[in-house]
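Everything on this sheet refers to the single structure shown next.
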Amino acid sequence: MDAFQLIGPSILASADALSAKEPTIWGLAAYIVFVLLILFALMVYAKKGLGVRVFKNPVTSLFEQLYLFIENMCVGSIGQHGRKYIPMMMTFWMMIFVGNIVGLLFPFTPTADLSFNLGMALIAVCYVQYEGMQVNGVFGHLRHFAGPKLPGAMVIISGLIFTIEIISELMKNVSLSLRLYGNIHGGHLAVEAMNNLGNKIYLPIGVLVLLLIKLLTCLVQALIFTMLTCVYLSLVTHHEEDSSDGGHGEAAGAH
Amino acid sequence: MGTGLGLGVGIAALGVGIGLGLIGNGALQGMARQPEAIGKLQTAMLIALAFVELVFLLTVFVAPFLIH
């Protein structure tokens with residue numbers, strides 16, 4: 001019962017947190033100054049030139065591997081024109097991964113908060129809609145929702161399909177955000193419960209046992225969020241390439 | 001009330017566990033038969049895992065609201 005009492009209020013906990021400590025303008029100013037300082041340091045570092053010093057750096061090669069990984073994911077699931085979405089996917093991956101990793105070491109983390117995840121899912125879904133409208137045009141994108149073209153009185157069924165598609169599109173937000181939130185927050189709860197279990201022998205069992213599994217969860221959740229965004233993008237933007245591919249396939253088959 | 005909740009979540013975990021096991025089973029068999037398709041299979045497997053996992057998470061988050 002205790003676990004459920006923990007879970008129940010914590011979904012709505014963000015509202016309480018907002019009322020408990022109001023953000024001041026000075027906190028925001030300090031944050032902005034901090035970000036500007038980091039940017040300034042990076043620019044000074046970059047202005048010295050990218051020589052052997054950078055390219056032989058192990059950190060650089062690590063990030064190159066990360067870039068290759070994201071590129072493979074984008075090109076693999078969207079197609080050749082998916083190269084354009086790499087920066088967006090990279091941003092999502094890094095943000096979620098860093099947020100999750102912070103959650104391993106500290107009790108609080110952005111990705112264990114539903115509002116952060118919901119904001120990120122909204123950005124992802126709205127970006128997918130925007131890209132669909134860019135590629136297919138606004139009406140082409142809306143026609144995409146109505147399913148295949150049906151003759152005569154079957155228009156009613158097209159309307160039904162349209163409604164269901166719109167609902168499923170809206171539910172993408174919920175599924176993306178709730179999956180991330182549930183995994184990270186649930187991991188915290190599990191670690192806490194296992195720590196309580198080992199209280200009597202003065203051993204933090206949860207940290208010892210679950211930390212590695214949570215590391216894996218961090219990686220996989222970042223991967224899944226990014227990959228699902230890629231899949232949504234490919235569903236929306238694959239139209240013209242798919243038809244040309246089909247044409248080639250039919251031509252090859254005819255030979 | 002609490003016992004019913006625990007039982008319900010336990011049943012949900014049981015079903016989701018079976019589902020995850022089936023996905024892992026299928027993916028592993030496919031990978032063993034066709035090692036060159038591992039990349040594509042991993043992608044599809046992870047997406048399927050995410051969808052099955054979501055069902056359990058929905059159960060866990062909806063259940064506490066049902067008792068009120």
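Starting from 1 in every chain, residues are counted up; chains themselves are A, B, ... following the order of the structure tokens, and ligands are numbered from 1 as listed.
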Q.
Select, as an MDAnalysis selection string, those residues of chain B with any atom no more than 12 Å from chain A (distances computed using only C-alpha atoms).
A. chainID B and resid 1:7 9 39:68
Would you mind exporting the chosen residues as a tab-separated table (two decimals), in the first residue's frame, restricted to C-alpha atoms?
chain	number	residue	atom	x	y	z
B	1	MET	CA	-8.73	-2.26	-1.18
B	2	GLY	CA	-4.95	-2.24	-1.01
B	3	THR	CA	-4.76	-5.99	-1.42
B	4	GLY	CA	-6.82	-5.82	-4.58
B	5	LEU	CA	-4.58	-3.13	-5.96
B	6	GLY	CA	-1.46	-5.13	-5.25
B	7	LEU	CA	-3.01	-8.21	-6.81
B	9	VAL	CA	-0.59	-4.77	-10.41
B	39	GLY	CA	20.69	-4.14	-36.46
B	40	LYS	CA	17.18	-4.04	-37.89
B	41	LEU	CA	15.93	-6.69	-35.47
B	42	GLN	CA	17.29	-4.75	-32.49
B	43	THR	CA	15.46	-1.63	-33.59
B	44	ALA	CA	12.16	-3.40	-34.03
B	45	MET	CA	12.65	-5.32	-30.78
B	46	LEU	CA	13.31	-2.18	-28.76
B	47	ILE	CA	10.23	-0.46	-30.16
B	48	ALA	CA	8.07	-3.48	-29.37
B	49	LEU	CA	9.55	-3.65	-25.87
B	50	ALA	CA	8.71	0.01	-25.35
B	51	PHE	CA	5.10	-0.50	-26.38
B	52	VAL	CA	4.61	-3.52	-24.13
B	53	GLU	CA	6.27	-1.77	-21.22
B	54	LEU	CA	3.95	1.18	-21.65
B	55	VAL	CA	0.96	-1.02	-20.87
B	56	PHE	CA	2.35	-1.85	-17.46
B	57	LEU	CA	3.25	1.77	-16.77
B	58	LEU	CA	-0.28	2.84	-17.69
B	59	THR	CA	-1.65	0.22	-15.31
B	60	VAL	CA	0.56	1.43	-12.49
B	61	PHE	CA	-0.34	5.07	-13.00
B	62	VAL	CA	-4.04	4.55	-13.54
B	63	ALA	CA	-4.57	2.11	-10.65
B	64	PRO	CA	-4.02	4.58	-7.75
B	65	PHE	CA	-6.69	6.88	-9.21
B	66	LEU	CA	-9.26	4.12	-9.41
B	67	ILE	CA	-9.48	3.62	-5.65
B	68	HIS	CA	-10.61	7.18	-4.97
Q) Distance atom CA of A:Asp113-atom CA of A:Ile70, one decimal place? A) 25.3 Å
Q. Could you work out how far atom CA of A:Met89 lies from atom CA of A:Val128, giving the answer in Å with one decimal?
A.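 Answer for the atom CA of A:Val128 to atom CA of A:Met89 separation: 11.8 Å.
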Q: Tell me which of A:Met120, A:Leu114, A:Gly187, A:Leu42 sits closest to A:Met95, counting only C-alpha atoms.
A: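 Of A:Met120, A:Leu114, A:Gly187, A:Leu42, the one nearest A:Met95 is A:Met120, counting only C-alpha atoms.
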(Q) Report, in Å with one decimal, the straight-line distance from atom CA of A:Phe162 to atom CA of A:Arg143. (A)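 So the answer is 8.6 Å.
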